[in-house]
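To keep things clear, I will list the structure first and then write my remarks on it.
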Amino acid sequence: MFKVSVIITIYNTGKFLRECLDCVVNQTLRNIEIICVNDGSTDNSLDILNEYAARDNRIKIVNKENEGLGGASARNLGLTLVQGEYISILDSDDTFELDMLDKMVKKAEETKVDIVVCGGMEYDNRNGHKAKVPSILNEKAIPKKEVFSYKDCPNDIYQLTQGMAWNKLFRRAFLDKHNLRFQRIKYTDDAYFVFAYMALAEKISVVNEPLAYYHVCTGSSQTDGLAAYPESAYLPYIELKKSLIDWGIYETVKQSFVNCAASFIRYFYDKISIFEAYEFLHNKLRNEIFSSLDISSQPKDFFYDVRLYQWQKQVSENSAGNLAFMSARSSGCGSTTAALRFQLPTSIPINSKIVLFGAGIMGRHYYVSIMLSAHCDVVLWCEIENQDKLSYIHDISEINNLDFDLVLIAYAQQRLIKMAIDYLKSIGVPNEKIILGGTEL
């Protein structure tokens, strides 16, 4: 019998797959099986898997058609094939310390626990920078005992770790007993699985070391596509609350649950870069989700971070337009969130003539605000690159023929801001006539 069954799901991660597989096949714990579920990859991932399987008979390749629902179906398929005493579920674009499984199994064997949680680091693929991420294993939330359960930390059980599977070791017998499976949603499919397991586990322990490396700027982050499936932000918590009620422990862990749900949803709310998806999520939260998850009914001191209380109040009391924002991403990977409320800069005088420079989320919000308030007059609405060929967006060269008082630059991305400023200066627009959205130049 294998000591550990390692499940790795793969979908077009050929660029990073070798590095991941090297970390797994070279684990100091040798008695492992490696189940690689190829989820319909169209790149060279399968070729790489076949290459490694030819050299290591512990690797089993399973091919399936991609169902367009993220990795849940692939992970669930892997769970039906495991033979090991413990299960490790890893992501194919991440890496791991070579003694990770050895250390986690030793902790599990010593303590006879149902789940072991380890720490983790964020690894930036652009520059190789490593940074410890405290929330992967929150040292402040670990009870003062080696073996514990939610009963020892009911107000912190969901602050102990994030809802990802790759920094955890699961006991197979316990998993089979409760028949837990990954939620079939496009993104965040492991959150319910992990948090349900944490609630059910009678014995939990930790290895307080960063043994897993979560890679950012891989081009495959789940948050990159959340705009197409914004409901993924709250569906795990809808399902989790139902289960916690069924198990009779919801009221016991309610404060931890509500804070975790609010924090998780806020994180993804601030990641969405498409207005329509943001508006859908915004309206869903204020009209239904905040109430159903008990977020909107709590006093300020119920929240561990007062900013969560303030945020949910803002969402509940304002329309999507009034709290419009955009996510600015640098170099096409990673994320730098710019949450903007888009209030018109106070330095724009009433009845002034302005050129609105930018037709994205910020520009559209400013335009509507100006039209509704009649605060000033938009004499030209232009864009650096009118890729959508919108008839109402004009070429920036038309600035030269206009009488205007100010140019309002409606961009969040520094690259576009610089391009706009450089162009305006090149045609002789003085600094005092240039205003950045939300701030003075």
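In the structure tokens, the first chain shown is A, the next is B, and so on; residue numbers restart at 1 for each chain, and ligands run from 1 in the order shown.
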### Message
Taking 4 positions as the minimum chain separation for residues in the same chain, which residues sit within 7 Å of Phe182 of chain A when counting only C-alpha atoms? Answer as a PyMOL selection string.
### Response
chain A and resi 72+76+189-190+193
How would the residues just chosen look if you wrote them out with N, CA and C atoms as a short mmCIF file (atom, residue, chain, number, x, y, z; two decimals), in the first residue's frame?
data_model
loop_
_atom_site.label_atom_id
_atom_site.label_comp_id
_atom_site.auth_asym_id
_atom_site.auth_seq_id
_atom_site.Cartn_x
_atom_site.Cartn_y
_atom_site.Cartn_z
N ALA A 72 -12.36 20.86 -10.66
CA ALA A 72 -13.09 20.03 -9.71
C ALA A 72 -13.31 18.61 -10.23
N ASN A 76 -11.85 15.27 -8.53
CA ASN A 76 -12.77 14.23 -8.05
C ASN A 76 -12.49 12.89 -8.72
N ASP A 189 -12.98 26.08 -6.52
CA ASP A 189 -13.66 24.80 -6.29
C ASP A 189 -13.13 24.04 -5.08
N ASP A 190 -11.97 24.44 -4.55
CA ASP A 190 -11.43 23.71 -3.40
C ASP A 190 -11.84 24.33 -2.05
N PHE A 193 -14.45 22.17 -0.13
CA PHE A 193 -13.81 20.90 0.24
C PHE A 193 -12.93 21.08 1.47
#
### Task
May I have all residues of segment 63-108 of chain A that DSSP, computed from the backbone, assigns to helix (DSSP H, G or I), given as number ranges by chain?
A: 72-79, 100-108
### Query
Hey, what's within 7 Å of segment 227-236 of chain A if we count only C-alpha atoms and toss same-chain stuff fewer than 2 positions away? As an MDAnalysis selection string, please?
chainID A and resid 185:188 191:192 225 238:240 265 268 272:274 277 281
Got time to write the residues from that selection, N, CA and C atoms, as an mmCIF file, in the first residue's frame?
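What landed in out.cif:
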data_model
loop_
_atom_site.group_PDB
_atom_site.id
_atom_site.type_symbol
_atom_site.label_atom_id
_atom_site.label_comp_id
_atom_site.auth_asym_id
_atom_site.auth_seq_id
_atom_site.Cartn_x
_atom_site.Cartn_y
_atom_site.Cartn_z
ATOM 1 N N ILE A 185 -17.743 23.964 -9.518
ATOM 2 C CA ILE A 185 -17.886 25.340 -9.975
ATOM 3 C C ILE A 185 -16.609 25.714 -10.720
ATOM 4 N N LYS A 186 -16.667 26.773 -11.491
ATOM 5 C CA LYS A 186 -15.553 27.112 -12.374
ATOM 6 C C LYS A 186 -14.292 27.463 -11.599
ATOM 7 N N TYR A 187 -14.430 28.319 -10.607
ATOM 8 C CA TYR A 187 -13.276 28.765 -9.825
ATOM 9 C C TYR A 187 -13.530 28.539 -8.340
ATOM 10 N N THR A 188 -12.478 28.608 -7.546
ATOM 11 C CA THR A 188 -12.540 28.428 -6.086
ATOM 12 C C THR A 188 -13.201 27.109 -5.717
ATOM 13 N N ALA A 191 -12.455 25.521 -2.062
ATOM 14 C CA ALA A 191 -12.778 26.192 -0.799
ATOM 15 C C ALA A 191 -13.764 25.386 0.045
ATOM 16 N N TYR A 192 -14.848 24.929 -0.555
ATOM 17 C CA TYR A 192 -15.815 24.147 0.217
ATOM 18 C C TYR A 192 -15.175 22.866 0.740
ATOM 19 N N GLY A 225 -9.807 34.739 -14.504
ATOM 20 C CA GLY A 225 -11.030 34.530 -15.262
ATOM 21 C C GLY A 225 -12.292 34.658 -14.445
ATOM 22 N N ILE A 238 -22.126 29.580 0.411
ATOM 23 C CA ILE A 238 -23.526 29.178 0.461
ATOM 24 C C ILE A 238 -23.622 27.701 0.817
ATOM 25 N N GLU A 239 -22.823 26.890 0.123
ATOM 26 C CA GLU A 239 -22.831 25.444 0.367
ATOM 27 C C GLU A 239 -22.277 25.108 1.743
ATOM 28 N N LEU A 240 -21.220 25.807 2.150
ATOM 29 C CA LEU A 240 -20.603 25.518 3.447
ATOM 30 C C LEU A 240 -21.552 25.837 4.595
ATOM 31 N N ILE A 265 -14.902 36.915 -0.253
ATOM 32 C CA ILE A 265 -15.707 37.572 -1.281
ATOM 33 C C ILE A 265 -15.140 38.951 -1.615
ATOM 34 N N PHE A 268 -12.127 38.748 -4.060
ATOM 35 C CA PHE A 268 -12.466 38.550 -5.462
ATOM 36 C C PHE A 268 -13.280 39.709 -6.031
ATOM 37 N N ILE A 272 -12.152 41.787 -9.949
ATOM 38 C CA ILE A 272 -12.886 41.757 -11.216
ATOM 39 C C ILE A 272 -12.622 43.023 -12.013
ATOM 40 N N SER A 273 -12.237 42.860 -13.260
ATOM 41 C CA SER A 273 -11.846 43.986 -14.097
ATOM 42 C C SER A 273 -12.852 44.307 -15.196
ATOM 43 N N ILE A 274 -13.961 43.592 -15.239
ATOM 44 C CA ILE A 274 -14.999 43.847 -16.244
ATOM 45 C C ILE A 274 -16.237 44.368 -15.523
ATOM 46 N N ALA A 277 -19.459 42.181 -14.934
ATOM 47 C CA ALA A 277 -19.309 41.133 -13.925
ATOM 48 C C ALA A 277 -19.292 41.741 -12.523
ATOM 49 N N LEU A 281 -21.987 40.956 -9.507
ATOM 50 C CA LEU A 281 -21.604 40.523 -8.163
ATOM 51 C C LEU A 281 -22.057 41.541 -7.119
#
List every residue of segment 47-146 of chain A that has an atom at most 12 Å from any atom of segment 6-23 of chain A, and for each one report the closest atom pair and its distance in Å to one decimal, counting only C-alpha atoms, with rows sorted by chain and then by increasing residue number, as JSON lines.
{"residue": "A:Asp47", "atom": "CA", "partner": "A:Gly14", "partner_atom": "CA", "distance": 8.8}
{"residue": "A:Ile48", "atom": "CA", "partner": "A:Arg18", "partner_atom": "CA", "distance": 7.2}
{"residue": "A:Leu49", "atom": "CA", "partner": "A:Leu17", "partner_atom": "CA", "distance": 8.4}
{"residue": "A:Asn50", "atom": "CA", "partner": "A:Arg18", "partner_atom": "CA", "distance": 11.5}
{"residue": "A:Glu51", "atom": "CA", "partner": "A:Arg18", "partner_atom": "CA", "distance": 10.0}
{"residue": "A:Tyr52", "atom": "CA", "partner": "A:Leu21", "partner_atom": "CA", "distance": 8.0}
{"residue": "A:Ala53", "atom": "CA", "partner": "A:Leu21", "partner_atom": "CA", "distance": 10.3}
{"residue": "A:Arg55", "atom": "CA", "partner": "A:Asp22", "partner_atom": "CA", "distance": 11.8}
{"residue": "A:Asp56", "atom": "CA", "partner": "A:Leu21", "partner_atom": "CA", "distance": 10.8}
{"residue": "A:Arg58", "atom": "CA", "partner": "A:Val6", "partner_atom": "CA", "distance": 10.1}
{"residue": "A:Ile59", "atom": "CA", "partner": "A:Val6", "partner_atom": "CA", "distance": 9.5}
{"residue": "A:Lys60", "atom": "CA", "partner": "A:Ile7", "partner_atom": "CA", "distance": 9.8}
{"residue": "A:Ile61", "atom": "CA", "partner": "A:Ile8", "partner_atom": "CA", "distance": 9.8}
{"residue": "A:Val62", "atom": "CA", "partner": "A:Thr9", "partner_atom": "CA", "distance": 9.5}
{"residue": "A:Asn63", "atom": "CA", "partner": "A:Ile10", "partner_atom": "CA", "distance": 9.7}
{"residue": "A:Lys64", "atom": "CA", "partner": "A:Ile10", "partner_atom": "CA", "distance": 10.4}
{"residue": "A:Glu65", "atom": "CA", "partner": "A:Tyr11", "partner_atom": "CA", "distance": 10.4}
{"residue": "A:Asn66", "atom": "CA", "partner": "A:Tyr11", "partner_atom": "CA", "distance": 8.3}
{"residue": "A:Glu67", "atom": "CA", "partner": "A:Tyr11", "partner_atom": "CA", "distance": 11.2}
{"residue": "A:Gly68", "atom": "CA", "partner": "A:Tyr11", "partner_atom": "CA", "distance": 10.7}
{"residue": "A:Leu69", "atom": "CA", "partner": "A:Tyr11", "partner_atom": "CA", "distance": 11.6}
{"residue": "A:Gly70", "atom": "CA", "partner": "A:Tyr11", "partner_atom": "CA", "distance": 9.0}
{"residue": "A:Gly71", "atom": "CA", "partner": "A:Thr9", "partner_atom": "CA", "distance": 6.8}
{"residue": "A:Ala72", "atom": "CA", "partner": "A:Thr9", "partner_atom": "CA", "distance": 9.2}
{"residue": "A:Ser73", "atom": "CA", "partner": "A:Thr9", "partner_atom": "CA", "distance": 9.6}
{"residue": "A:Ala74", "atom": "CA", "partner": "A:Thr9", "partner_atom": "CA", "distance": 6.1}
{"residue": "A:Arg75", "atom": "CA", "partner": "A:Thr9", "partner_atom": "CA", "distance": 6.4}
{"residue": "A:Asn76", "atom": "CA", "partner": "A:Ile7", "partner_atom": "CA", "distance": 9.7}
{"residue": "A:Leu77", "atom": "CA", "partner": "A:Ile7", "partner_atom": "CA", "distance": 9.5}
{"residue": "A:Gly78", "atom": "CA", "partner": "A:Ile7", "partner_atom": "CA", "distance": 6.0}
{"residue": "A:Leu79", "atom": "CA", "partner": "A:Ile7", "partner_atom": "CA", "distance": 7.7}
{"residue": "A:Thr80", "atom": "CA", "partner": "A:Ile7", "partner_atom": "CA", "distance": 10.6}
{"residue": "A:Leu81", "atom": "CA", "partner": "A:Ile7", "partner_atom": "CA", "distance": 9.4}
{"residue": "A:Val82", "atom": "CA", "partner": "A:Ile7", "partner_atom": "CA", "distance": 8.2}
{"residue": "A:Gln83", "atom": "CA", "partner": "A:Val6", "partner_atom": "CA", "distance": 9.9}
{"residue": "A:Gly84", "atom": "CA", "partner": "A:Val6", "partner_atom": "CA", "distance": 8.5}
{"residue": "A:Glu85", "atom": "CA", "partner": "A:Val6", "partner_atom": "CA", "distance": 10.8}
{"residue": "A:Tyr86", "atom": "CA", "partner": "A:Val6", "partner_atom": "CA", "distance": 8.6}
{"residue": "A:Ile87", "atom": "CA", "partner": "A:Val6", "partner_atom": "CA", "distance": 5.9}
{"residue": "A:Ser88", "atom": "CA", "partner": "A:Val6", "partner_atom": "CA", "distance": 4.7}
{"residue": "A:Ile89", "atom": "CA", "partner": "A:Ile7", "partner_atom": "CA", "distance": 4.8}
{"residue": "A:Leu90", "atom": "CA", "partner": "A:Ile8", "partner_atom": "CA", "distance": 5.1}
{"residue": "A:Asp91", "atom": "CA", "partner": "A:Ile8", "partner_atom": "CA", "distance": 5.9}
{"residue": "A:Ser92", "atom": "CA", "partner": "A:Leu17", "partner_atom": "CA", "distance": 5.8}
{"residue": "A:Asp93", "atom": "CA", "partner": "A:Phe16", "partner_atom": "CA", "distance": 5.3}
{"residue": "A:Asp94", "atom": "CA", "partner": "A:Cys20", "partner_atom": "CA", "distance": 5.9}
{"residue": "A:Thr95", "atom": "CA", "partner": "A:Cys20", "partner_atom": "CA", "distance": 5.0}
{"residue": "A:Phe96", "atom": "CA", "partner": "A:Cys23", "partner_atom": "CA", "distance": 5.8}
{"residue": "A:Glu97", "atom": "CA", "partner": "A:Cys23", "partner_atom": "CA", "distance": 6.9}
{"residue": "A:Leu98", "atom": "CA", "partner": "A:Cys23", "partner_atom": "CA", "distance": 5.9}
{"residue": "A:Asp99", "atom": "CA", "partner": "A:Cys23", "partner_atom": "CA", "distance": 9.3}
{"residue": "A:Met100", "atom": "CA", "partner": "A:Cys23", "partner_atom": "CA", "distance": 9.5}
{"residue": "A:Leu101", "atom": "CA", "partner": "A:Val6", "partner_atom": "CA", "distance": 9.5}
{"residue": "A:Asn125", "atom": "CA", "partner": "A:Phe16", "partner_atom": "CA", "distance": 10.0}
### Message
Please identify the strand (DSSP E) residues within segment 124-304 of chain A (assignment by DSSP from backbone atoms) and present them as a ChimeraX atom specification.
### Response
/A:124,130-132,168-171,204-216
#### Entry: Within 12 Å of Leu160 of chain A using only C-alpha atoms, minus same-chain residues under 2 positions, as a count of residues only
38
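Minimum atom-to-atom distance to Met419 of chain A, evaluated using only C-alpha atoms, belongs to A:Glu383 out of A:Asp403, A:Glu317, A:Asp176, A:Glu383.
Take atom CA of Glu279 of chain A and atom CA of Tyr367 of chain A: the distance between them is 17.2 Å.
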### Message
Just the number, please: distance in Å from atom CA of Asn431 of chain A to atom CA of Ala374 of chain A, one decimal.
### Response
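Atom-to-atom, atom CA of Asn431 of chain A and atom CA of Ala374 of chain A are spaced 25.0 Å apart.
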### Task
Would you please work out which residue, of A:Asn179, A:Asn57, A:Gln413, A:Ser316, is nearest to Lys284 of chain A when using only C-alpha atoms?
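Distance minimum relative to Lys284 of chain A lands on A:Ser316.
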### Separation of atom CA of Asn318 of chain A from atom CA of Leu406 of chain A in Å
28.9 Å
Counting only C-alpha atoms, which residues of segment 198-259 of chain A sit at most 7 Å from some atom of segment 291-308 of chain A, and what is each one's closest atom pair with its distance in Å to one decimal, listed by chain and rising residue number, as JSON lines?
{"residue": "A:Ile238", "atom": "CA", "partner": "A:Leu293", "partner_atom": "CA", "distance": 6.9}
{"residue": "A:Gln255", "atom": "CA", "partner": "A:Phe302", "partner_atom": "CA", "distance": 6.9}
{"residue": "A:Val258", "atom": "CA", "partner": "A:Ile295", "partner_atom": "CA", "distance": 6.0}
{"residue": "A:Asn259", "atom": "CA", "partner": "A:Phe303", "partner_atom": "CA", "distance": 6.1}
### Query
Taking into account only C-alpha atoms, which residue in the set A:Leu408, A:Val315, A:Ala196, A:Val368 is nearest to Tyr269 of chain A?
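Among A:Leu408, A:Val315, A:Ala196, A:Val368, it is A:Val315 that comes nearest to Tyr269 of chain A.
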### Message
At a cut-off of 12 Å, using only C-alpha atoms, what residues contact Asn401 of chain A? Leave out same-chain residues fewer than 2 positions from it and give the result as a list of chain:residue names.
### Response
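Non-adjacent residues within range: A:Val355, A:Val379, A:Leu380, A:Asp395, A:Ile396, A:Ser397, A:Glu398, A:Ile399, A:Asp403, A:Phe404, A:Ile427.
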Generate a file of the selected residues that holds N, CA and C atoms, formatted as a compact mmCIF listing (two decimals), in the first residue's frame.
# COMPACT_ATOMS: atom_id res chain seq x y z
N VAL A 355 -11.98 67.73 -21.57
CA VAL A 355 -11.72 66.60 -22.45
C VAL A 355 -11.60 65.37 -21.56
N VAL A 379 -16.46 68.23 -23.85
CA VAL A 379 -16.37 68.71 -25.24
C VAL A 379 -15.74 67.66 -26.15
N LEU A 380 -15.06 66.67 -25.55
CA LEU A 380 -14.46 65.58 -26.34
C LEU A 380 -14.23 64.39 -25.42
N ASP A 395 -10.82 60.32 -31.83
CA ASP A 395 -9.37 60.21 -31.88
C ASP A 395 -8.73 61.31 -31.05
N ILE A 396 -7.65 60.99 -30.38
CA ILE A 396 -7.01 61.96 -29.49
C ILE A 396 -6.48 63.18 -30.25
N SER A 397 -6.25 63.02 -31.56
CA SER A 397 -5.72 64.15 -32.33
C SER A 397 -6.71 65.31 -32.41
N GLU A 398 -7.99 65.05 -32.15
CA GLU A 398 -9.00 66.10 -32.24
C GLU A 398 -8.86 67.13 -31.12
N ILE A 399 -8.07 66.80 -30.10
CA ILE A 399 -7.81 67.77 -29.02
C ILE A 399 -7.25 69.06 -29.59
N ASP A 403 -11.43 74.10 -27.93
CA ASP A 403 -11.30 75.05 -26.83
C ASP A 403 -11.73 74.31 -25.57
N PHE A 404 -10.83 74.09 -24.63
CA PHE A 404 -11.15 73.35 -23.42
C PHE A 404 -10.41 73.95 -22.23
N ILE A 427 1.78 67.90 -27.34
CA ILE A 427 1.00 68.85 -28.15
C ILE A 427 0.81 70.18 -27.42
### Message
For Pro430 of chain A, find every residue with an atom within 12 Å (counting only C-alpha atoms), except residues of its own chain fewer than 3 positions away, and show them as a list in words.
### Response
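Once the nearby chain positions are removed, what remains is Asp405, Leu406, Val407, Ile421, Asp422, Tyr423, Leu424, Lys425, Ser426, Ile427, Lys433, Ile434, Ile435 and Leu441 of chain A.
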### Task
Just the residues within 7 Å of Cys382 of chain A, please, counting only C-alpha atoms, with nothing from its chain fewer than 6 positions along; format it as a PyMOL selection string.
chain A and resi 356-359+393-396
Keeping C-alpha atoms, export the residues of the selection given above as a compact mmCIF listing (two decimals), in the first residue's frame.
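Okay, part.txt is ready:
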# COMPACT_ATOMS: atom_id res chain seq x y z
CA LEU A 356 -12.39 63.14 -21.02
CA PHE A 357 -9.37 60.97 -21.84
CA GLY A 358 -10.18 57.25 -21.41
CA ALA A 359 -13.16 55.06 -22.36
CA ILE A 393 -15.13 57.83 -28.83
CA HIS A 394 -12.99 60.22 -30.84
CA ASP A 395 -9.37 60.21 -31.88
CA ILE A 396 -7.01 61.96 -29.49
## Note on the structure
For Lys3 of chain A, the closest of A:Lys112, A:Arg172, A:Lys389, A:Lys151 counting only C-alpha atoms is A:Arg172
